[in-house]
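Chemist: Contents of model_23.cif (mmCIF, C-alpha atoms and all ligand atoms) are given next:
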data_structure
#
loop_
_atom_site.label_atom_id
_atom_site.label_comp_id
_atom_site.auth_asym_id
_atom_site.auth_seq_id
_atom_site.Cartn_x
_atom_site.Cartn_y
_atom_site.Cartn_z
CA MET X 1 -5.75 6.22 -11.34
CA LYS X 2 -4.23 3.11 -9.85
CA ASN X 3 -3.84 2.60 -6.15
CA ASN X 4 -1.05 4.38 -4.45
CA LYS X 5 0.66 2.21 -1.90
CA GLN X 6 4.10 3.71 -2.32
CA LEU X 7 3.75 6.52 0.18
CA ARG X 8 2.84 3.93 2.81
CA HIS X 9 5.97 1.98 1.91
CA TRP X 10 7.98 5.16 2.08
CA LEU X 11 6.59 5.89 5.53
CA ASP X 12 7.48 2.36 6.64
CA ALA X 13 10.95 2.63 5.17
CA MET X 14 11.51 5.88 7.04
CA ALA X 15 10.22 4.09 10.17
CA LEU X 16 7.74 6.90 10.71
CA ASN X 17 4.90 6.68 13.15
CA HIS X 18 1.43 5.53 12.26
CA PRO X 19 -0.41 7.76 12.28
CA LEU X 20 2.13 10.13 10.82
CA VAL X 21 2.28 13.33 12.85
CA ILE X 22 3.40 16.50 11.09
CA ALA X 23 3.69 19.57 13.31
CA GLY X 24 5.20 23.02 13.29
CA PRO X 25 4.27 26.64 12.82
CA CYS X 26 1.90 27.99 10.21
CA SER X 27 4.77 30.19 9.02
CA ALA X 28 8.50 30.21 9.50
CA GLU X 29 9.04 33.61 11.13
CA THR X 30 12.69 33.70 12.24
CA GLU X 31 15.48 31.15 12.37
CA ASP X 32 15.28 31.05 16.18
CA GLN X 33 11.53 30.46 16.08
CA VAL X 34 11.86 27.52 13.67
CA LEU X 35 14.72 25.96 15.66
CA LYS X 36 13.01 26.43 19.02
CA ILE X 37 9.80 24.76 17.81
CA ALA X 38 11.74 21.92 16.18
CA HIS X 39 13.59 21.22 19.43
CA GLN X 40 10.33 21.27 21.39
CA LEU X 41 8.82 18.79 18.94
CA LYS X 42 11.70 16.41 18.48
CA ASP X 43 10.82 14.17 21.43
CA THR X 44 7.08 14.10 20.69
CA ASP X 45 5.23 11.82 18.25
CA ALA X 46 5.78 14.41 15.52
CA THR X 47 8.36 13.12 13.04
CA VAL X 48 7.93 15.79 10.37
CA LEU X 49 8.39 19.52 10.90
CA ARG X 50 6.10 21.80 8.90
CA ALA X 51 6.56 25.53 8.24
CA GLY X 52 5.14 27.73 5.50
CA ILE X 53 7.76 29.81 3.69
CA TRP X 54 5.60 31.23 0.92
CA LYS X 55 2.24 32.05 2.48
CA PRO X 56 -0.82 32.40 0.29
CA ARG X 57 -2.97 35.01 2.00
CA THR X 58 -6.55 35.60 0.98
CA ARG X 59 -6.08 39.36 1.24
CA PRO X 60 -2.92 41.42 0.67
CA GLY X 61 -1.22 43.17 3.54
CA ASN X 62 -0.91 40.11 5.78
CA PHE X 63 2.41 38.38 6.41
CA GLU X 64 3.29 36.62 3.17
CA GLY X 65 6.16 34.47 4.39
CA VAL X 66 9.91 34.88 4.66
CA GLY X 67 10.55 33.29 1.27
CA ALA X 68 13.45 31.06 0.25
CA LEU X 69 15.53 32.17 3.22
CA GLY X 70 13.34 29.99 5.44
CA LEU X 71 14.43 26.85 3.58
CA LYS X 72 17.87 27.15 5.19
CA TRP X 73 16.23 27.33 8.62
CA LEU X 74 14.31 24.13 7.92
CA GLN X 75 17.53 22.46 6.77
CA ARG X 76 19.24 23.49 9.97
CA ALA X 77 16.30 22.28 12.08
CA LYS X 78 16.60 18.92 10.35
CA GLU X 79 20.36 18.72 11.04
CA GLU X 80 19.89 19.61 14.70
CA THR X 81 16.84 17.46 15.49
CA GLY X 82 16.71 14.68 12.91
CA MET X 83 13.11 15.61 12.07
CA LEU X 84 12.02 15.45 8.44
CA THR X 85 10.77 18.69 6.91
CA THR X 86 7.84 19.80 4.80
CA THR X 87 6.70 23.05 3.23
CA GLU X 88 4.10 24.31 0.76
CA VAL X 89 5.13 24.83 -2.85
CA ALA X 90 2.95 26.97 -5.09
CA ASN X 91 4.89 27.13 -8.37
CA ALA X 92 7.74 25.47 -10.29
CA ASN X 93 10.32 27.85 -8.83
CA HIS X 94 9.30 26.89 -5.28
CA VAL X 95 9.68 23.24 -6.24
CA ASP X 96 13.16 23.87 -7.58
CA LEU X 97 14.25 25.72 -4.42
CA ALA X 98 12.66 23.18 -2.05
CA MET X 99 14.39 20.31 -3.88
CA LYS X 100 17.76 22.10 -3.70
CA HIS X 101 17.30 22.51 0.05
CA ASP X 102 16.43 18.86 0.53
CA ILE X 103 12.92 19.40 1.91
CA ASP X 104 11.57 15.88 2.51
CA ILE X 105 7.86 16.24 1.75
CA LEU X 106 6.10 18.90 -0.34
CA TRP X 107 2.52 19.93 0.09
CA ILE X 108 0.20 21.67 -2.33
CA GLY X 109 -1.98 24.34 -0.69
CA ALA X 110 -5.74 24.58 -0.92
CA ARG X 111 -5.60 27.71 -3.09
CA THR X 112 -3.27 25.97 -5.52
CA THR X 113 -5.31 22.77 -5.85
CA VAL X 114 -8.16 24.80 -7.39
CA SER X 115 -5.99 25.82 -10.35
CA PRO X 116 -5.33 23.12 -12.96
CA PHE X 117 -2.72 25.35 -14.71
CA ILE X 118 -0.58 25.77 -11.60
CA VAL X 119 -1.06 22.17 -10.52
CA GLN X 120 0.14 21.06 -13.96
CA GLU X 121 3.14 23.38 -13.77
CA ILE X 122 4.10 21.92 -10.38
CA ALA X 123 3.46 18.35 -11.54
CA ASP X 124 5.74 18.94 -14.56
CA ALA X 125 8.44 20.33 -12.28
CA LEU X 126 8.19 17.18 -10.16
CA ARG X 127 7.97 14.66 -13.01
CA GLY X 128 9.22 11.19 -12.01
CA THR X 129 10.18 12.18 -8.47
CA ASP X 130 10.19 9.93 -5.41
CA LYS X 131 9.64 12.98 -3.23
CA PRO X 132 6.35 12.56 -1.31
CA VAL X 133 3.73 15.09 -2.36
CA LEU X 134 0.61 15.78 -0.28
CA VAL X 135 -2.26 17.46 -2.06
CA LYS X 136 -4.57 19.56 0.10
CA ASN X 137 -8.24 19.63 -0.76
CA PRO X 138 -9.30 22.65 -2.86
CA VAL X 139 -10.94 25.50 -0.93
CA ASN X 140 -14.31 24.71 -2.50
CA PRO X 141 -16.12 21.45 -1.73
CA ASP X 142 -15.42 19.69 -5.02
CA LEU X 143 -14.16 16.12 -4.92
CA ALA X 144 -13.55 16.00 -8.69
CA LEU X 145 -11.24 19.03 -8.51
CA TRP X 146 -9.28 17.43 -5.66
CA LEU X 147 -8.98 14.14 -7.56
CA GLY X 148 -8.09 16.01 -10.75
CA ALA X 149 -5.08 17.55 -9.01
CA VAL X 150 -4.01 14.15 -7.62
CA GLU X 151 -4.33 12.67 -11.12
CA ARG X 152 -2.08 15.35 -12.62
CA PHE X 153 0.69 14.30 -10.21
CA TYR X 154 -0.04 10.66 -10.81
CA HIS X 155 0.23 11.13 -14.58
CA ALA X 156 3.51 13.00 -14.07
CA ASP X 157 4.78 9.79 -12.45
CA VAL X 158 5.09 11.34 -8.99
CA LYS X 159 5.43 8.13 -7.03
CA ASN X 160 4.59 8.98 -3.45
CA LEU X 161 1.25 10.72 -3.30
CA GLY X 162 -1.05 11.49 -0.41
CA VAL X 163 -3.82 13.94 0.39
CA ILE X 164 -4.53 16.40 3.18
CA HIS X 165 -8.06 17.23 4.31
CA ARG X 166 -8.12 20.89 5.49
CA GLY X 167 -11.80 21.67 5.16
CA PHE X 168 -13.84 23.74 2.70
CA SER X 169 -14.74 27.39 2.77
CA THR X 170 -18.34 28.54 3.10
CA TYR X 171 -19.98 31.91 2.84
CA GLU X 172 -22.05 31.28 5.94
CA LYS X 173 -20.16 31.57 9.22
CA THR X 174 -20.14 28.27 11.11
CA ARG X 175 -18.23 27.02 14.15
CA TYR X 176 -15.45 26.04 11.75
CA ARG X 177 -13.13 28.28 9.79
CA ASN X 178 -13.46 25.73 6.99
CA ASN X 179 -16.27 23.18 7.07
CA PRO X 180 -14.96 19.62 7.38
CA GLU X 181 -17.59 18.12 5.00
CA TRP X 182 -16.38 14.70 6.15
CA GLN X 183 -18.37 12.96 3.42
CA ILE X 184 -15.93 14.28 0.78
CA PRO X 185 -12.76 12.66 2.20
CA ILE X 186 -14.85 9.59 3.06
CA ASP X 187 -15.87 9.32 -0.62
CA LEU X 188 -12.26 9.80 -1.65
CA GLN X 189 -11.15 7.10 0.78
CA ASN X 190 -13.78 4.71 -0.61
CA LYS X 191 -12.57 5.34 -4.16
CA PHE X 192 -8.84 5.17 -3.38
CA PRO X 193 -8.37 3.20 -0.17
CA ASP X 194 -4.60 3.16 -0.59
CA LEU X 195 -4.12 6.90 -0.98
CA PRO X 196 -2.80 8.07 2.41
CA LEU X 197 -5.16 10.59 3.98
CA ILE X 198 -3.97 13.17 6.48
CA LEU X 199 -6.09 15.56 8.54
CA ASP X 200 -5.18 19.22 8.98
CA PRO X 201 -7.45 20.08 11.95
CA SER X 202 -5.91 23.56 12.32
CA HIS X 203 -7.32 25.08 9.14
CA ILE X 204 -10.66 23.32 9.61
CA ALA X 205 -11.02 24.62 13.17
CA GLY X 206 -9.53 28.09 12.97
CA ARG X 207 -9.44 27.84 16.79
CA ARG X 208 -7.71 25.72 19.39
CA ASP X 209 -10.53 24.18 21.40
CA ILE X 210 -11.85 21.72 18.81
CA ILE X 211 -8.53 20.45 17.39
CA PHE X 212 -8.54 17.36 19.60
CA ASP X 213 -12.08 16.27 18.63
CA LEU X 214 -11.32 16.73 14.95
CA CYS X 215 -8.20 14.57 15.28
CA GLN X 216 -10.13 11.86 17.11
CA THR X 217 -12.82 11.77 14.42
CA ALA X 218 -10.12 11.44 11.77
CA LEU X 219 -8.42 8.58 13.57
CA ASP X 220 -11.79 6.86 14.02
CA LEU X 221 -12.20 7.19 10.25
CA ASN X 222 -8.83 5.49 9.73
CA TYR X 223 -6.91 8.55 8.56
CA ASP X 224 -3.18 7.96 8.15
CA GLY X 225 -1.88 11.07 9.79
CA LEU X 226 -2.31 14.52 11.26
CA MET X 227 -0.78 17.88 10.38
CA VAL X 228 -1.17 20.27 13.30
CA GLU X 229 0.00 23.89 13.45
CA THR X 230 2.21 24.26 16.49
CA HIS X 231 3.97 27.31 17.96
CA PHE X 232 5.58 28.04 21.34
CA ASP X 233 3.70 31.36 21.52
CA PRO X 234 0.53 30.80 19.49
CA ASP X 235 -1.11 34.11 20.38
CA ASN X 236 1.79 36.04 18.92
CA ALA X 237 2.26 33.94 15.80
CA TRP X 238 2.60 36.04 12.65
CA SER X 239 -0.16 34.05 10.89
CA ASP X 240 -3.08 31.88 12.02
CA ALA X 241 -2.53 32.81 15.68
CA LYS X 242 -5.96 31.62 16.85
CA GLN X 243 -5.56 28.04 15.71
CA GLN X 244 -2.01 27.11 16.66
CA ILE X 245 -1.33 24.98 19.74
CA LYS X 246 1.80 24.64 21.85
CA PRO X 247 4.15 21.70 21.30
CA GLU X 248 3.38 20.44 24.81
CA THR X 249 -0.35 20.50 24.04
CA LEU X 250 0.30 18.44 20.92
CA ASP X 251 2.39 16.02 22.94
CA GLN X 252 -0.42 15.49 25.47
CA MET X 253 -2.96 15.23 22.67
CA THR X 254 -1.15 12.33 21.03
CA VAL X 255 -1.18 10.54 24.40
CA ASP X 256 -4.92 11.11 24.84
CA LEU X 257 -6.03 10.22 21.31
CA ARG X 258 -7.42 6.70 20.80
CA ILE X 259 -5.36 5.15 18.07
CA ARG X 260 -6.58 1.84 16.75
CA LYS X 261 -4.08 -0.64 15.45
CA GLU X 262 -5.46 -3.20 13.01
CA GLU X 263 -4.44 -6.70 14.09
CA GLY X 264 -6.29 -10.02 14.23
CA ASP X 265 -9.77 -10.87 12.96
CA ALA X 266 -11.75 -9.80 16.03
CA VAL X 267 -9.86 -6.53 16.30
CA GLU X 268 -10.27 -5.88 12.60
CA PHE X 269 -14.00 -6.46 12.91
CA LYS X 270 -14.19 -4.01 15.82
CA ASN X 271 -12.15 -1.42 13.94
CA LYS X 272 -14.31 -1.67 10.85
CA LEU X 273 -17.44 -1.40 12.95
CA ALA X 274 -16.09 1.64 14.79
CA THR X 275 -15.15 3.30 11.49
CA ALA X 276 -18.59 2.67 10.03
CA ARG X 277 -20.18 4.06 13.20
CA THR X 278 -18.11 7.21 13.00
CA LYS X 279 -19.30 7.61 9.41
CA ILE X 280 -22.89 7.26 10.63
CA ASP X 281 -22.25 9.88 13.32
CA VAL X 282 -20.99 12.26 10.64
CA VAL X 283 -24.11 11.76 8.53
CA ASP X 284 -26.46 12.03 11.54
CA HIS X 285 -24.88 15.33 12.43
CA GLN X 286 -25.48 16.55 8.88
CA LEU X 287 -29.10 15.41 9.08
CA LEU X 288 -29.61 17.50 12.21
CA GLU X 289 -27.98 20.54 10.65
CA ILE X 290 -30.13 20.27 7.56
CA LEU X 291 -33.31 19.81 9.63
CA GLY X 292 -32.41 22.89 11.67
CA LYS X 293 -31.91 24.81 8.43
CA ARG X 294 -35.29 23.64 7.13
CA MET X 295 -37.04 24.79 10.31
CA ARG X 296 -35.40 28.22 10.10
CA ILE X 297 -36.81 28.62 6.57
CA SER X 298 -40.14 27.46 7.89
CA ASP X 299 -40.00 30.20 10.56
CA GLU X 300 -39.46 32.77 7.79
CA ILE X 301 -42.54 31.47 6.01
CA GLY X 302 -44.37 31.68 9.34
CA SER X 303 -43.70 35.40 9.64
CA LEU X 304 -44.71 35.97 6.00
CA LYS X 305 -48.00 34.16 6.66
CA LYS X 306 -48.51 36.22 9.80
CA LYS X 307 -47.98 39.53 7.98
CA ASN X 308 -50.31 38.52 5.19
CA ASN X 309 -52.87 36.82 7.34
CA VAL X 310 -52.60 33.46 5.60
CA ALA X 311 -53.46 30.09 7.20
CA ILE X 312 -50.56 27.88 8.32
CA LEU X 313 -51.77 24.68 6.71
CA GLN X 314 -51.68 24.78 2.89
CA THR X 315 -52.96 21.30 1.95
CA LYS X 316 -52.32 21.56 -1.79
CA ARG X 317 -48.68 22.54 -1.34
CA TRP X 318 -48.20 19.81 1.27
CA ASN X 319 -49.57 17.07 -1.03
CA GLU X 320 -47.26 18.24 -3.79
CA ILE X 321 -44.24 17.97 -1.49
CA LEU X 322 -45.21 14.47 -0.35
CA GLY X 323 -45.71 13.20 -3.90
CA LYS X 324 -42.33 14.57 -4.99
CA MET X 325 -40.52 13.14 -1.99
CA ILE X 326 -42.01 9.67 -2.48
CA LEU X 327 -40.71 9.61 -6.07
CA GLN X 328 -37.27 10.95 -5.12
CA GLY X 329 -37.17 8.55 -2.16
CA GLU X 330 -37.59 5.62 -4.53
CA GLU X 331 -34.39 6.67 -6.30
CA GLN X 332 -32.60 6.43 -2.95
CA ASN X 333 -34.13 3.03 -2.22
CA LEU X 334 -36.33 4.44 0.55
CA SER X 335 -39.81 2.97 0.97
CA GLU X 336 -42.98 5.00 0.58
CA GLU X 337 -43.95 4.09 4.13
CA PHE X 338 -40.70 5.50 5.48
CA ILE X 339 -40.93 8.72 3.44
CA LEU X 340 -44.49 9.27 4.64
CA LYS X 341 -43.51 8.84 8.28
CA ILE X 342 -40.46 11.07 8.04
CA PHE X 343 -42.16 13.86 6.13
CA LYS X 344 -45.26 13.83 8.31
CA ALA X 345 -42.99 14.30 11.31
CA ILE X 346 -41.06 17.10 9.57
CA HIS X 347 -44.30 18.76 8.50
CA GLN X 348 -45.69 18.59 12.05
CA GLU X 349 -42.53 20.19 13.44
CA SER X 350 -42.79 22.95 10.81
CA ILE X 351 -46.39 23.62 11.79
CA ASN X 352 -45.37 23.81 15.47
CA HIS X 353 -42.63 26.26 14.57
CA GLN X 354 -44.96 28.43 12.51
CA LYS X 355 -47.62 28.40 15.26
CA GLN X 356 -45.01 29.73 17.62
CA VAL X 357 -44.04 32.47 15.14
CA ILE X 358 -47.64 33.47 14.51
CA ASN X 359 -48.52 33.53 18.21
CA THR X 360 -45.63 35.75 19.23
C1 LIG P 401 -1.09 26.29 5.69
O1 LIG P 401 -0.96 25.07 5.79
O2 LIG P 401 -0.57 27.10 6.46
C2 LIG P 401 -1.98 26.82 4.64
C3 LIG P 401 -1.83 28.01 4.10
O3 LIG P 401 -2.94 25.96 4.37
P1 LIG P 401 -4.16 25.93 3.31
O4 LIG P 401 -3.54 25.82 1.97
O5 LIG P 401 -4.87 24.71 3.75
O6 LIG P 401 -4.96 27.19 3.54
MN MN P 402 -1.83 28.32 8.47
#
If you convert what's in this file into structure tokens, what do you get?
Modeler:
Amino acid sequence: MKNNKQLRHWLDAMALNHPLVIAGPCSAETEDQVLKIAHQLKDTDATVLRAGIWKPRTRPGNFEGVGALGLKWLQRAKEETGMLTTTEVANANHVDLAMKHDIDILWIGARTTVSPFIVQEIADALRGTDKPVLVKNPVNPDLALWLGAVERFYHADVKNLGVIHRGFSTYEKTRYRNNPEWQIPIDLQNKFPDLPLILDPSHIAGRRDIIFDLCQTALDLNYDGLMVETHFDPDNAWSDAKQQIKPETLDQMTVDLRIRKEEGDAVEFKNKLATARTKIDVVDHQLLEILGKRMRISDEIGSLKKKNNVAILQTKRWNEILGKMILQGEEQNLSEEFILKIFKAIHQESINHQKQVINT
């Protein structure tokens, strides 16, 4: 896949903000709701109004969207406010209807990106179009699947492509609704630096209080835009009530976010350094999480040893681990000395944990 600079040009041609801010409700609920939110957003940094019309719900029985009727509401919002519009399309018929109603940007939802058949159907329906298409990451943490979907659009000669990072589902409950797994979009950015990358903090967070921090991390990683679910009465939204924020909150947020503009050599150096440091912060955080996980497993072993009256220190097992890690470390270009230090420290912490388990 070649680089994709066109969407950037399109954004410039439309004189849209950098970063691009897309905002609006999870779902279009009523015409009044869509219009009211659009009017509240029109004087903020948001230049594109989002609203889901066809809502993919994980389980049946939840609000599944107002359907094609909502497209007229988006059209009217655009006439009244001058904002551009975007909605999710999940099959060729949606594409056809969205095109007829002059929706400006289409996005592909996370549950669609996982399905090569549907992605191909949508790509065929969009063949040759200039219409910008934003591909959300698949629900599962699989970079190849995400890229595969982008490639299907690219091969269908869809000219203005971008991607949206909305996080990845996990079985374990974490502080996020969908884990950000920042290393995946970072890898994608390294492979395709010209593919515009937009953060959807709302579906990552699943709650309001960490939206700002997620946006700041994305901007520090040089993301090109944000898509934030916004509603005048978030608590009573018909879908995703916990994660939507008010238009005025979004407005304040865009004032408070640090946005770095790349200009001049010294500034560029500082920006690159700050981006690399944010990447390091992401990895350090993962290291801590993984160490915490290791210690929790160690605690389990501690209680097994206690029940069975087995000694904490098992020298044979420990030497096996060290030998294996030294070999695997070499593959990662890590010296034997370093591996020994790190694993001795980890081992000591494990022993301390198990002592605590056994003595309580
Ligand atoms: C949405 O944007 O409202 C949505 C359904 O998103 P996702 O496909 O990321 O779950
Ligand atoms: Mn939503």
Chemist: What box, with edges along x, y and z, holds each listed atom of ligand LIG 401 (chain P) when 3 Å is added on every side, and can you state its centre and edge lengths in Å to one decimal, as JSON?
Modeler:
{"center_x": -2.8, "center_y": 26.4, "center_z": 4.2, "size_x": 10.4, "size_y": 9.3, "size_z": 10.5}
Chemist: Tell me, counting all atoms listed in the file, for each residue of chain X within 8 Å of ligand MN 402 (chain P), which pair of atoms is nearest and how far apart they are in Å to one decimal, in rows ordered by chain and increasing number, as a tab-separated table.
Modeler:
residue	atom	partner	partner_atom	distance
X:Pro25	CA	P:MN402	MN	7.7
X:Cys26	CA	P:MN402	MN	4.1
X:Ser27	CA	P:MN402	MN	6.9
X:Gly52	CA	P:MN402	MN	7.6
X:Ser202	CA	P:MN402	MN	7.4
X:His203	CA	P:MN402	MN	6.4
X:Glu229	CA	P:MN402	MN	6.9
X:Ser239	CA	P:MN402	MN	6.4
X:Asp240	CA	P:MN402	MN	5.2
Chemist: Using only C-alpha atoms and all ligand atoms, I'd like a table of the residues in chain X that come within 9 Å of ligand LIG 401 (chain P); for each, show the closest atom pair and its distance in Å rounded to one decimal, ordered by chain and ascending number, as a Markdown table.
Modeler:
| residue | atom | partner | partner_atom | distance |
| --- | --- | --- | --- | --- |
| X:Pro25 | CA | P:LIG401 | O2 | 8.0 |
| X:Cys26 | CA | P:LIG401 | O2 | 4.6 |
| X:Ser27 | CA | P:LIG401 | O2 | 6.7 |
| X:Arg50 | CA | P:LIG401 | O1 | 8.4 |
| X:Ala51 | CA | P:LIG401 | O2 | 7.5 |
| X:Gly52 | CA | P:LIG401 | O2 | 5.8 |
| X:Trp54 | CA | P:LIG401 | C3 | 8.7 |
| X:Lys55 | CA | P:LIG401 | C3 | 6.0 |
| X:Pro56 | CA | P:LIG401 | C3 | 5.9 |
| X:Arg57 | CA | P:LIG401 | C3 | 7.4 |
| X:Thr58 | CA | P:LIG401 | O6 | 8.9 |
| X:Thr87 | CA | P:LIG401 | O1 | 8.3 |
| X:Glu88 | CA | P:LIG401 | O1 | 7.2 |
| X:Trp107 | CA | P:LIG401 | O1 | 8.4 |
| X:Ile108 | CA | P:LIG401 | O4 | 7.0 |
| X:Gly109 | CA | P:LIG401 | O4 | 3.4 |
| X:Ala110 | CA | P:LIG401 | O4 | 3.8 |
| X:Arg111 | CA | P:LIG401 | O4 | 5.8 |
| X:Thr112 | CA | P:LIG401 | O4 | 7.5 |
| X:Thr113 | CA | P:LIG401 | O4 | 8.6 |
| X:Lys136 | CA | P:LIG401 | O5 | 6.3 |
| X:Asn137 | CA | P:LIG401 | O5 | 7.6 |
| X:Pro138 | CA | P:LIG401 | O4 | 8.2 |
| X:Val139 | CA | P:LIG401 | O6 | 7.7 |
| X:Ile164 | CA | P:LIG401 | O5 | 8.3 |
| X:His165 | CA | P:LIG401 | O5 | 8.2 |
| X:Arg166 | CA | P:LIG401 | O5 | 5.3 |
| X:Gly167 | CA | P:LIG401 | O5 | 7.7 |
| X:Asp200 | CA | P:LIG401 | O5 | 7.6 |
| X:Ser202 | CA | P:LIG401 | O1 | 8.3 |
| X:His203 | CA | P:LIG401 | O5 | 5.9 |
| X:Ile204 | CA | P:LIG401 | O5 | 8.4 |
| X:Met227 | CA | P:LIG401 | O1 | 8.5 |
| X:Val228 | CA | P:LIG401 | O1 | 8.9 |
| X:Glu229 | CA | P:LIG401 | O2 | 7.7 |
| X:Ser239 | CA | P:LIG401 | O2 | 8.3 |
| X:Asp240 | CA | P:LIG401 | O2 | 7.7 |
Chemist: Select, from X:Val89, X:Gly70, X:Val158, X:Leu134, the residue with the minimum atom-to-atom distance to Ile118 of chain X, counting all atoms listed in the file.
Modeler: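 Using all atoms listed in the file, Ile118 of chain X sits closest to X:Val89.
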Chemist: Give the answer as one residue: which of X:Asp45, X:Asp124, X:Glu64, X:Glu300 has the shortest atom-to-atom distance to Asn93 of chain X, using all atoms listed in the file?
Modeler: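 Going through X:Asp45, X:Asp124, X:Glu64, X:Glu300 one by one, the smallest distance to Asn93 of chain X is for X:Asp124.
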Chemist: Please, what distance in Å, to one decimal, runs between atom CA of His94 of chain X and atom CA of Phe192 of chain X?
Modeler: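 For atom CA of His94 of chain X relative to atom CA of Phe192 of chain X, the distance reads 28.4 Å.
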Chemist: Between X:Leu143, X:Leu226, X:Met325, X:Leu7, which one has atoms that come closest to Lys341 of chain X, using only C-alpha atoms?
Modeler: X:Met325
Chemist: Considering all atoms listed in the file, can you say which of X:Ala90, X:Thr81, X:Gln183, X:Leu327 comes closest to Asp284 of chain X?
Modeler: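 Comparing X:Ala90, X:Thr81, X:Gln183, X:Leu327 against Asp284 of chain X, the winner is X:Gln183.
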Chemist: Quick one: distance from atom CA of Glu29 of chain X to atom CA of Trp73 of chain X in Å, one decimal?
Modeler: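 Here the two named atoms are 9.9 Å from each other.
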Chemist: With distances taken over all atoms listed in the file, which residue among X:Pro19, X:Val95, X:Ser169, X:Met295 lies nearest Leu221 of chain X?
Modeler: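 Between X:Pro19, X:Val95, X:Ser169, X:Met295, the residue approaching Leu221 of chain X most closely is X:Pro19.
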Chemist: Pick the closest to His347 of chain X from X:Asn359, X:Ala276, X:Leu197, X:Trp318: which is it, counting all atoms listed in the file?
Modeler: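 Selected residue with least distance to His347 of chain X: X:Trp318.
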Chemist: Take the structure in the block and write a file for segment 313-345 of chain X, C-alpha atoms, as a PDB file, in the first residue's frame.
Modeler:
ATOM      1  CA  LEU X 313      12.829 -21.282  46.549  1.00  0.00           C
ATOM      2  CA  GLN X 314      12.968 -23.906  43.776  1.00  0.00           C
ATOM      3  CA  THR X 315      16.543 -23.544  42.476  1.00  0.00           C
ATOM      4  CA  LYS X 316      16.219 -25.897  39.505  1.00  0.00           C
ATOM      5  CA  ARG X 317      13.161 -24.114  38.134  1.00  0.00           C
ATOM      6  CA  TRP X 318      14.811 -20.732  38.684  1.00  0.00           C
ATOM      7  CA  ASN X 319      17.965 -21.703  36.744  1.00  0.00           C
ATOM      8  CA  GLU X 320      15.815 -22.937  33.885  1.00  0.00           C
ATOM      9  CA  ILE X 321      13.986 -19.604  33.712  1.00  0.00           C
ATOM     10  CA  LEU X 322      17.238 -17.627  33.727  1.00  0.00           C
ATOM     11  CA  GLY X 323      18.796 -19.713  30.959  1.00  0.00           C
ATOM     12  CA  LYS X 324      15.709 -19.328  28.774  1.00  0.00           C
ATOM     13  CA  MET X 325      15.490 -15.592  29.345  1.00  0.00           C
ATOM     14  CA  ILE X 326      19.158 -15.028  28.501  1.00  0.00           C
ATOM     15  CA  LEU X 327      18.652 -16.773  25.136  1.00  0.00           C
ATOM     16  CA  GLN X 328      15.409 -14.926  24.376  1.00  0.00           C
ATOM     17  CA  GLY X 329      17.010 -11.662  25.523  1.00  0.00           C
ATOM     18  CA  GLU X 330      19.729 -12.090  22.914  1.00  0.00           C
ATOM     19  CA  GLU X 331      17.046 -12.106  20.208  1.00  0.00           C
ATOM     20  CA  GLN X 332      15.890  -8.723  21.512  1.00  0.00           C
ATOM     21  CA  ASN X 333      19.429  -7.377  21.594  1.00  0.00           C
ATOM     22  CA  LEU X 334      19.499  -7.342  25.407  1.00  0.00           C
ATOM     23  CA  SER X 335      22.776  -8.194  27.128  1.00  0.00           C
ATOM     24  CA  GLU X 336      23.186 -11.160  29.452  1.00  0.00           C
ATOM     25  CA  GLU X 337      24.237  -8.791  32.215  1.00  0.00           C
ATOM     26  CA  PHE X 338      21.028  -6.805  31.876  1.00  0.00           C
ATOM     27  CA  ILE X 339      18.803  -9.908  31.787  1.00  0.00           C
ATOM     28  CA  LEU X 340      20.496 -11.262  34.902  1.00  0.00           C
ATOM     29  CA  LYS X 341      19.962  -8.019  36.804  1.00  0.00           C
ATOM     30  CA  ILE X 342      16.345  -7.642  35.748  1.00  0.00           C
ATOM     31  CA  PHE X 343      15.352 -11.234  36.428  1.00  0.00           C
ATOM     32  CA  LYS X 344      17.147 -11.381  39.761  1.00  0.00           C
ATOM     33  CA  ALA X 345      15.151  -8.334  40.816  1.00  0.00           C
TER      34      ALA X 345
END
